Amino acid sequence: MPLVHYKSRISPYWLPNGHFQSIYPALFREIDGIKYFREKIVTPDDDFLNLDWSHAQNEGEKRLVILSHGLEGDTTRQYITGMVKLLNGHGFDCLAWNFRSCGGEMNQTARFYHSGATEDLDAVVQYAFGKGYADVRLVGFSLGGNLTLKYLGEQGAAIDRRIKGSIVFSVPMDLKACSLAIIEPRNQIYMHRFLKSLKPKVVEKAGLYPQKIDLKDHALVKTLYDFDDIYTARLHGFEGADHYYAQCSSKFFIESITIPTMIVNAENDPIVPFKSLPVEMLRSHSNVTLVATKDGGHCGFRPARLTDEFYWSEKQALQFLTSL
């Protein structure tokens with residue numbers, strides 16, 4: 001599949017750059033009509049995951065889309081609910097899952113989630129199979145996109161063919177490059193927002209698991225790289241941030257993907273430098289298409305027309321998923 005390059009403008013003129021295009025939807029977009037049914041499943045390590053279901057408006061062939069959110073997100077984020085609403089309206093059941101410690105409830109083990117924790121995504125997929133779904137498609141956003149691509153690459157040719165394909169958006173395929181990019185002064189608004197949520201979680205967990213989480217270095221966490229080096233890596237069996245990034249960046253796994261997959265990244269994404277994407281590798285990939293848009297920001301892709309209820313990314317996903 002060749003690289004597809006969208007040169008025409010997606011976003012409205014009054015969102016002139018990647019920062020505005022990323023921030024506006026997160027702050028001002030509201031999606032109505034989504035009613036989730038929540039299930040809690042037990043993981044193999046005796047923790048739990050909260051799954052939010054939303055079923056198609058019309059009965060028909062049972063097709064399921066599993067949606068994975070981004071860093072410190074959850075199933076209520078507008079990029080999730082907008083996608084769910086559009087897909088529900090076209091015959092797809094949706095299962096949006098909350099990563100450990102996300103979705104309003106702290107998980108039970110000392111570990112959290114991270115960019116490469118594909119065992120949890122697999123637990124969700126296997127649970128869906130157990131519900132009788134024989135047609136499953138995957139959608140991921142940002143960290144959830146990296147997680148999805150890594151999962152597909154790990155599965156390789158052995159992937160369960162009930163998984164028909166995947167589309168992911170704004171994916172940090174090179175975790176270290178993105179971690180360093182978010183430290184830049186122009187991006188620190190995003191970094192501080194993430195740390196404002198992540199650091200209190202560690203404090204809460206340290207109270208529950210003092211033997212596993214040491215807060216003596218908590219004051220040293222000034223950047224997302226620091227957080228990953230001091231906490232993410234140590235809690236999840238990595239030697240440090242660099243080792244974690246090297247082991248979990250999806251760019252090292254995508255070559256092994258064997259099912260139809262589309263990656264959508266904007267060139268003006270402030271968090272994911274376009275130059276960090278493995279463009280040359282993807283040019284010759286037989287199963288993976290990289291769609292490069294001129295604008296859209298990070299998980300933005302707000303359409304230019306004010307009357308459009310659904311975003312460009314959601315329409316792109318619907319078109320791709322229904323073509324499988």
# chains A, B, ... in the order shown; residues from 1 in each chain; ligands from 1

$ residues_around --residues "Cys248 (chain A)" --least-positions-apart "3" --cutoff "7 Å" --atoms "only C-alpha atoms" --output "list in words"
Ser115, Gly116, Tyr244 and Tyr245 of chain A

$ write_last_selection --atoms "all heavy atoms" --output "tab-separated table (two decimals), in the first residue's frame"
chain	number	residue	atom	x	y	z
A	115	SER	N	2.77	2.34	27.13
A	115	SER	CA	2.62	2.37	25.68
A	115	SER	C	2.79	1.02	25.01
A	115	SER	O	2.44	0.86	23.84
A	115	SER	CB	3.65	3.34	25.07
A	115	SER	OG	3.39	4.65	25.48
A	116	GLY	N	3.33	0.06	25.74
A	116	GLY	CA	3.56	-1.26	25.14
A	116	GLY	C	2.84	-2.39	25.83
A	116	GLY	O	3.13	-3.56	25.57
A	244	TYR	N	12.68	1.40	27.89
A	244	TYR	CA	11.23	1.35	27.71
A	244	TYR	C	10.84	1.81	26.31
A	244	TYR	O	10.06	1.14	25.62
A	244	TYR	CB	10.57	2.21	28.79
A	244	TYR	CG	9.15	2.65	28.52
A	244	TYR	CD1	8.16	1.73	28.20
A	244	TYR	CD2	8.80	3.99	28.62
A	244	TYR	CE1	6.84	2.14	27.98
A	244	TYR	CE2	7.50	4.41	28.40
A	244	TYR	CZ	6.52	3.48	28.08
A	244	TYR	OH	5.23	3.90	27.85
A	245	TYR	N	11.37	2.94	25.88
A	245	TYR	CA	11.04	3.46	24.55
A	245	TYR	C	11.48	2.49	23.45
A	245	TYR	O	10.76	2.25	22.47
A	245	TYR	CB	11.69	4.82	24.33
A	245	TYR	CG	11.22	5.91	25.27
A	245	TYR	CD1	12.09	6.94	25.65
A	245	TYR	CD2	9.93	5.92	25.79
A	245	TYR	CE1	11.68	7.96	26.50
A	245	TYR	CE2	9.51	6.93	26.65
A	245	TYR	CZ	10.39	7.94	27.01
A	245	TYR	OH	9.98	8.94	27.85

$ residues_around --residues "Phe253 (chain A)" --least-positions-apart "6" --cutoff "10 Å" --atoms "only C-alpha atoms" --output "list in words"
Asn146, Leu149, Lys150, Tyr151, Leu152, Gly153, Glu154, Gln155, Gly156, Met173 and Gln247 of chain A

$ write_last_selection --atoms "N, CA, C and O atoms" --output "PDB file, in the first residue's frame"
ATOM      1  N   ASN A 146      -0.202   3.475  19.241  1.00  0.00           N
ATOM      2  CA  ASN A 146       1.077   2.774  19.353  1.00  0.00           C
ATOM      3  C   ASN A 146       0.867   1.378  19.911  1.00  0.00           C
ATOM      4  O   ASN A 146       1.442   0.390  19.425  1.00  0.00           O
ATOM      5  N   LEU A 149      -0.629  -0.879  17.137  1.00  0.00           N
ATOM      6  CA  LEU A 149       0.346  -1.288  16.125  1.00  0.00           C
ATOM      7  C   LEU A 149       1.338  -2.302  16.685  1.00  0.00           C
ATOM      8  O   LEU A 149       1.695  -3.273  16.015  1.00  0.00           O
ATOM      9  N   LYS A 150       1.787  -2.088  17.904  1.00  0.00           N
ATOM     10  CA  LYS A 150       2.710  -3.039  18.528  1.00  0.00           C
ATOM     11  C   LYS A 150       2.039  -4.400  18.679  1.00  0.00           C
ATOM     12  O   LYS A 150       2.653  -5.442  18.408  1.00  0.00           O
ATOM     13  N   TYR A 151       0.797  -4.405  19.081  1.00  0.00           N
ATOM     14  CA  TYR A 151       0.047  -5.660  19.232  1.00  0.00           C
ATOM     15  C   TYR A 151      -0.062  -6.396  17.899  1.00  0.00           C
ATOM     16  O   TYR A 151       0.204  -7.608  17.827  1.00  0.00           O
ATOM     17  N   LEU A 152      -0.413  -5.681  16.854  1.00  0.00           N
ATOM     18  CA  LEU A 152      -0.546  -6.312  15.539  1.00  0.00           C
ATOM     19  C   LEU A 152       0.792  -6.859  15.053  1.00  0.00           C
ATOM     20  O   LEU A 152       0.855  -7.941  14.459  1.00  0.00           O
ATOM     21  N   GLY A 153       1.874  -6.108  15.298  1.00  0.00           N
ATOM     22  CA  GLY A 153       3.192  -6.570  14.889  1.00  0.00           C
ATOM     23  C   GLY A 153       3.649  -7.784  15.674  1.00  0.00           C
ATOM     24  O   GLY A 153       4.260  -8.706  15.119  1.00  0.00           O
ATOM     25  N   GLU A 154       3.359  -7.804  16.964  1.00  0.00           N
ATOM     26  CA  GLU A 154       3.723  -8.958  17.786  1.00  0.00           C
ATOM     27  C   GLU A 154       2.980 -10.212  17.326  1.00  0.00           C
ATOM     28  O   GLU A 154       3.543 -11.303  17.323  1.00  0.00           O
ATOM     29  N   GLN A 155       1.736 -10.035  16.945  1.00  0.00           N
ATOM     30  CA  GLN A 155       0.949 -11.177  16.488  1.00  0.00           C
ATOM     31  C   GLN A 155       1.444 -11.691  15.146  1.00  0.00           C
ATOM     32  O   GLN A 155       1.463 -12.894  14.902  1.00  0.00           O
ATOM     33  N   GLY A 156       1.842 -10.772  14.268  1.00  0.00           N
ATOM     34  CA  GLY A 156       2.400 -11.143  12.979  1.00  0.00           C
ATOM     35  C   GLY A 156       1.489 -12.065  12.184  1.00  0.00           C
ATOM     36  O   GLY A 156       0.268 -11.888  12.141  1.00  0.00           O
ATOM     37  N   MET A 173       4.999   6.650  17.024  1.00  0.00           N
ATOM     38  CA  MET A 173       5.665   5.379  16.719  1.00  0.00           C
ATOM     39  C   MET A 173       7.108   5.334  17.207  1.00  0.00           C
ATOM     40  O   MET A 173       7.677   4.260  17.345  1.00  0.00           O
ATOM     41  N   GLN A 247      11.866  -0.720  23.628  1.00  0.00           N
ATOM     42  CA  GLN A 247      11.115  -1.976  23.653  1.00  0.00           C
ATOM     43  C   GLN A 247       9.658  -1.809  23.223  1.00  0.00           C
ATOM     44  O   GLN A 247       9.024  -2.781  22.801  1.00  0.00           O
TER      45      GLN A 247
END

$ select_by_dssp --residues "region 98-243 of chain A" --states "alpha helix (DSSP H)" --output "count of residues only"
64

$ select_by_dssp --residues "region 112-258 of chain A" --states "strand (DSSP E or B)" --output "VMD selection string"
chain A and resid 136 to 141 163 to 169

$ write_last_selection --atoms "N, CA and C atoms" --output "PDB file, in the first residue's frame"
ATOM      1  N   VAL A 136     -13.855  -8.480  14.143  1.00  0.00           N
ATOM      2  CA  VAL A 136     -13.358  -7.455  15.059  1.00  0.00           C
ATOM      3  C   VAL A 136     -12.384  -6.541  14.322  1.00  0.00           C
ATOM      4  N   ARG A 137     -12.521  -5.246  14.525  1.00  0.00           N
ATOM      5  CA  ARG A 137     -11.591  -4.271  13.958  1.00  0.00           C
ATOM      6  C   ARG A 137     -11.071  -3.401  15.110  1.00  0.00           C
ATOM      7  N   LEU A 138      -9.869  -2.881  14.987  1.00  0.00           N
ATOM      8  CA  LEU A 138      -9.231  -2.124  16.058  1.00  0.00           C
ATOM      9  C   LEU A 138      -9.037  -0.672  15.643  1.00  0.00           C
ATOM     10  N   VAL A 139      -9.290   0.236  16.579  1.00  0.00           N
ATOM     11  CA  VAL A 139      -9.045   1.658  16.374  1.00  0.00           C
ATOM     12  C   VAL A 139      -8.250   2.170  17.563  1.00  0.00           C
ATOM     13  N   GLY A 140      -7.201   2.955  17.309  1.00  0.00           N
ATOM     14  CA  GLY A 140      -6.394   3.481  18.395  1.00  0.00           C
ATOM     15  C   GLY A 140      -6.028   4.928  18.187  1.00  0.00           C
ATOM     16  N   PHE A 141      -5.855   5.648  19.275  1.00  0.00           N
ATOM     17  CA  PHE A 141      -5.512   7.063  19.234  1.00  0.00           C
ATOM     18  C   PHE A 141      -4.263   7.321  20.070  1.00  0.00           C
ATOM     19  N   ILE A 163      -9.703 -10.843  13.564  1.00  0.00           N
ATOM     20  CA  ILE A 163      -9.340  -9.425  13.539  1.00  0.00           C
ATOM     21  C   ILE A 163      -9.143  -9.041  12.079  1.00  0.00           C
ATOM     22  N   LYS A 164     -10.020  -8.234  11.547  1.00  0.00           N
ATOM     23  CA  LYS A 164     -10.054  -7.954  10.118  1.00  0.00           C
ATOM     24  C   LYS A 164      -9.165  -6.797   9.689  1.00  0.00           C
ATOM     25  N   GLY A 165      -8.883  -5.858  10.583  1.00  0.00           N
ATOM     26  CA  GLY A 165      -8.057  -4.717  10.205  1.00  0.00           C
ATOM     27  C   GLY A 165      -8.029  -3.673  11.306  1.00  0.00           C
ATOM     28  N   SER A 166      -7.301  -2.586  11.055  1.00  0.00           N
ATOM     29  CA  SER A 166      -7.111  -1.574  12.092  1.00  0.00           C
ATOM     30  C   SER A 166      -6.838  -0.212  11.468  1.00  0.00           C
ATOM     31  N   ILE A 167      -7.285   0.831  12.155  1.00  0.00           N
ATOM     32  CA  ILE A 167      -6.919   2.195  11.783  1.00  0.00           C
ATOM     33  C   ILE A 167      -6.547   2.948  13.054  1.00  0.00           C
ATOM     34  N   VAL A 168      -5.458   3.706  12.987  1.00  0.00           N
ATOM     35  CA  VAL A 168      -4.937   4.415  14.161  1.00  0.00           C
ATOM     36  C   VAL A 168      -4.613   5.861  13.783  1.00  0.00           C
ATOM     37  N   PHE A 169      -4.664   6.737  14.777  1.00  0.00           N
ATOM     38  CA  PHE A 169      -4.509   8.171  14.542  1.00  0.00           C
ATOM     39  C   PHE A 169      -3.475   8.785  15.476  1.00  0.00           C
TER      40      PHE A 169
END

$ closest_residue --among "A:Asp160, A:Glu255, A:Glu204, A:Asp295" --to "Asn268 (chain A)" --atoms "only C-alpha atoms"
A:Asp295

$ closest_residue --among "A:Cys178, A:Ala206, A:Leu198, A:Ile189" --to "Lys275 (chain A)" --atoms "only C-alpha atoms"
A:Cys178

$ residues_around --residues "region 35-46 of chain A" --least-positions-apart "5" --cutoff "12 Å" --atoms "only C-alpha atoms" --output "MDAnalysis selection string"
chainID A and resid 51:57 75:76 80:81 84:85 88 93:100 103 105 107:111 119:128

$ atom_distance --atom1 "CA of Ser8 (chain A)" --atom2 "CA of Asp308 (chain A)"
17.3 Å

$ residues_around --residues "Phe20 (chain A)" --least-positions-apart "3" --cutoff "12 Å" --atoms "only C-alpha atoms" --output "list in words"
Ser11, Pro12, Tyr13, Trp14, Leu15, Pro16, Asn17, Ile23, Tyr24, Pro25, Ala26, Leu27, Phe28, Asn268, Asp269, Pro270, Asp295, Gly296, Gly297, His298, Cys299, Gly300, Phe301 and Arg302 of chain A

$ write_last_selection --atoms "N, CA, C and O atoms" --output "mmCIF file, in the first residue's frame"
data_model
loop_
_atom_site.group_PDB
_atom_site.id
_atom_site.type_symbol
_atom_site.label_atom_id
_atom_site.label_comp_id
_atom_site.auth_asym_id
_atom_site.auth_seq_id
_atom_site.Cartn_x
_atom_site.Cartn_y
_atom_site.Cartn_z
ATOM 1 N N SER A 11 -8.724 21.267 8.308
ATOM 2 C CA SER A 11 -9.233 22.065 9.416
ATOM 3 C C SER A 11 -9.719 23.439 8.953
ATOM 4 O O SER A 11 -9.296 23.941 7.913
ATOM 5 N N PRO A 12 -10.599 24.080 9.731
ATOM 6 C CA PRO A 12 -11.101 25.409 9.363
ATOM 7 C C PRO A 12 -10.025 26.475 9.507
ATOM 8 O O PRO A 12 -9.067 26.324 10.273
ATOM 9 N N TYR A 13 -10.205 27.571 8.812
ATOM 10 C CA TYR A 13 -9.203 28.645 8.791
ATOM 11 C C TYR A 13 -9.002 29.256 10.169
ATOM 12 O O TYR A 13 -7.921 29.783 10.480
ATOM 13 N N TRP A 14 -10.035 29.195 11.018
ATOM 14 C CA TRP A 14 -9.929 29.825 12.343
ATOM 15 C C TRP A 14 -9.205 28.935 13.369
ATOM 16 O O TRP A 14 -9.067 29.313 14.532
ATOM 17 N N LEU A 15 -8.749 27.784 12.906
ATOM 18 C CA LEU A 15 -7.811 26.965 13.693
ATOM 19 C C LEU A 15 -6.531 26.890 12.871
ATOM 20 O O LEU A 15 -6.303 25.935 12.131
ATOM 21 N N PRO A 16 -5.673 27.888 12.981
ATOM 22 C CA PRO A 16 -4.606 28.074 12.004
ATOM 23 C C PRO A 16 -3.398 27.161 12.127
ATOM 24 O O PRO A 16 -2.579 27.105 11.212
ATOM 25 N N ASN A 17 -3.227 26.467 13.258
ATOM 26 C CA ASN A 17 -2.025 25.632 13.397
ATOM 27 C C ASN A 17 -2.323 24.389 14.224
ATOM 28 O O ASN A 17 -3.435 24.195 14.720
ATOM 29 N N ILE A 23 -6.123 21.416 20.482
ATOM 30 C CA ILE A 23 -6.733 21.842 21.744
ATOM 31 C C ILE A 23 -8.228 22.098 21.613
ATOM 32 O O ILE A 23 -9.007 21.745 22.507
ATOM 33 N N TYR A 24 -8.650 22.696 20.496
ATOM 34 C CA TYR A 24 -10.054 23.090 20.367
ATOM 35 C C TYR A 24 -11.017 21.916 20.558
ATOM 36 O O TYR A 24 -11.964 22.002 21.359
ATOM 37 N N PRO A 25 -10.841 20.791 19.861
ATOM 38 C CA PRO A 25 -11.795 19.682 20.039
ATOM 39 C C PRO A 25 -11.831 19.156 21.474
ATOM 40 O O PRO A 25 -12.891 18.809 21.993
ATOM 41 N N ALA A 26 -10.648 19.111 22.104
ATOM 42 C CA ALA A 26 -10.578 18.580 23.467
ATOM 43 C C ALA A 26 -11.347 19.449 24.452
ATOM 44 O O ALA A 26 -11.923 18.940 25.426
ATOM 45 N N LEU A 27 -11.388 20.753 24.204
ATOM 46 C CA LEU A 27 -12.031 21.678 25.142
ATOM 47 C C LEU A 27 -13.488 21.954 24.817
ATOM 48 O O LEU A 27 -14.303 22.162 25.723
ATOM 49 N N PHE A 28 -13.831 21.978 23.543
ATOM 50 C CA PHE A 28 -15.134 22.516 23.173
ATOM 51 C C PHE A 28 -16.076 21.542 22.464
ATOM 52 O O PHE A 28 -17.248 21.848 22.282
ATOM 53 N N ASN A 268 1.461 18.567 11.000
ATOM 54 C CA ASN A 268 1.605 19.653 11.978
ATOM 55 C C ASN A 268 1.246 19.201 13.391
ATOM 56 O O ASN A 268 0.937 20.021 14.250
ATOM 57 N N ASP A 269 1.289 17.900 13.625
ATOM 58 C CA ASP A 269 1.057 17.375 14.974
ATOM 59 C C ASP A 269 2.138 17.923 15.904
ATOM 60 O O ASP A 269 3.330 17.670 15.699
ATOM 61 N N PRO A 270 1.764 18.683 16.945
ATOM 62 C CA PRO A 270 2.788 19.284 17.808
ATOM 63 C C PRO A 270 3.482 18.279 18.721
ATOM 64 O O PRO A 270 4.585 18.551 19.206
ATOM 65 N N ASP A 295 -2.645 19.048 7.824
ATOM 66 C CA ASP A 295 -3.048 19.630 9.102
ATOM 67 C C ASP A 295 -3.941 18.647 9.842
ATOM 68 O O ASP A 295 -4.168 17.526 9.387
ATOM 69 N N GLY A 296 -4.424 19.061 10.999
ATOM 70 C CA GLY A 296 -5.243 18.182 11.837
ATOM 71 C C GLY A 296 -4.780 18.138 13.270
ATOM 72 O O GLY A 296 -5.516 17.746 14.165
ATOM 73 N N GLY A 297 -3.489 18.511 13.513
ATOM 74 C CA GLY A 297 -2.983 18.506 14.872
ATOM 75 C C GLY A 297 -2.877 17.107 15.446
ATOM 76 O O GLY A 297 -2.701 16.127 14.729
ATOM 77 N N HIS A 298 -2.984 17.028 16.768
ATOM 78 C CA HIS A 298 -2.900 15.743 17.468
ATOM 79 C C HIS A 298 -4.294 15.318 17.894
ATOM 80 O O HIS A 298 -4.927 15.956 18.744
ATOM 81 N N CYS A 299 -4.793 14.251 17.290
ATOM 82 C CA CYS A 299 -6.147 13.748 17.560
ATOM 83 C C CYS A 299 -7.191 14.844 17.389
ATOM 84 O O CYS A 299 -8.177 14.917 18.136
ATOM 85 N N GLY A 300 -6.940 15.726 16.408
ATOM 86 C CA GLY A 300 -7.869 16.809 16.128
ATOM 87 C C GLY A 300 -8.734 16.483 14.930
ATOM 88 O O GLY A 300 -9.788 15.868 15.054
ATOM 89 N N PHE A 301 -8.277 16.939 13.752
ATOM 90 C CA PHE A 301 -8.940 16.634 12.476
ATOM 91 C C PHE A 301 -10.367 17.183 12.412
ATOM 92 O O PHE A 301 -11.249 16.587 11.825
ATOM 93 N N ARG A 302 -10.564 18.370 13.035
ATOM 94 C CA ARG A 302 -11.877 18.994 12.942
ATOM 95 C C ARG A 302 -12.122 19.437 11.505
ATOM 96 O O ARG A 302 -11.261 20.033 10.875
#

$ atom_distance --atom1 "CA of Leu71 (chain A)" --atom2 "CA of Phe194 (chain A)"
7.6 Å

$ closest_residue --among "A:Asp32, A:Asp174, A:Asp229, A:Glu184" --to "Ala246 (chain A)" --atoms "only C-alpha atoms"
A:Asp174

$ atom_distance --atom1 "CA of Leu195 (chain A)" --atom2 "CA of Arg29 (chain A)"
23.2 Å

$ residues_around --residues "Lys315 (chain A)" --least-positions-apart "6" --cutoff "10 Å" --atoms "only C-alpha atoms" --output "tab-separated table (two decimals) with all heavy atoms, in the first residue's frame"
chain	number	residue	atom	x	y	z
A	83	MET	N	-16.24	8.89	17.45
A	83	MET	CA	-16.03	7.70	16.63
A	83	MET	C	-17.10	6.65	16.95
A	83	MET	O	-17.67	6.03	16.04
A	83	MET	CB	-14.64	7.12	16.88
A	83	MET	CG	-14.23	6.03	15.94
A	83	MET	SD	-13.86	6.61	14.26
A	83	MET	CE	-12.28	7.45	14.54
A	86	LEU	N	-20.56	7.60	15.33
A	86	LEU	CA	-20.62	7.39	13.88
A	86	LEU	C	-20.64	5.91	13.55
A	86	LEU	O	-21.44	5.46	12.72
A	86	LEU	CB	-19.43	8.07	13.20
A	86	LEU	CG	-19.40	7.95	11.67
A	86	LEU	CD1	-20.64	8.59	11.04
A	86	LEU	CD2	-18.13	8.58	11.10
A	87	LEU	N	-19.80	5.13	14.19
A	87	LEU	CA	-19.73	3.70	13.89
A	87	LEU	C	-21.00	2.98	14.32
A	87	LEU	O	-21.49	2.09	13.62
A	87	LEU	CB	-18.51	3.08	14.57
A	87	LEU	CG	-17.15	3.56	14.04
A	87	LEU	CD1	-16.02	2.97	14.88
A	87	LEU	CD2	-16.96	3.18	12.58
A	321	LEU	N	-12.91	1.10	7.56
A	321	LEU	CA	-13.39	-0.09	8.26
A	321	LEU	C	-14.49	-0.80	7.48
A	321	LEU	O	-14.58	-2.04	7.52
A	321	LEU	CB	-13.89	0.29	9.66
A	321	LEU	CG	-12.82	0.79	10.63
A	321	LEU	CD1	-13.45	1.27	11.92
A	321	LEU	CD2	-11.77	-0.29	10.90
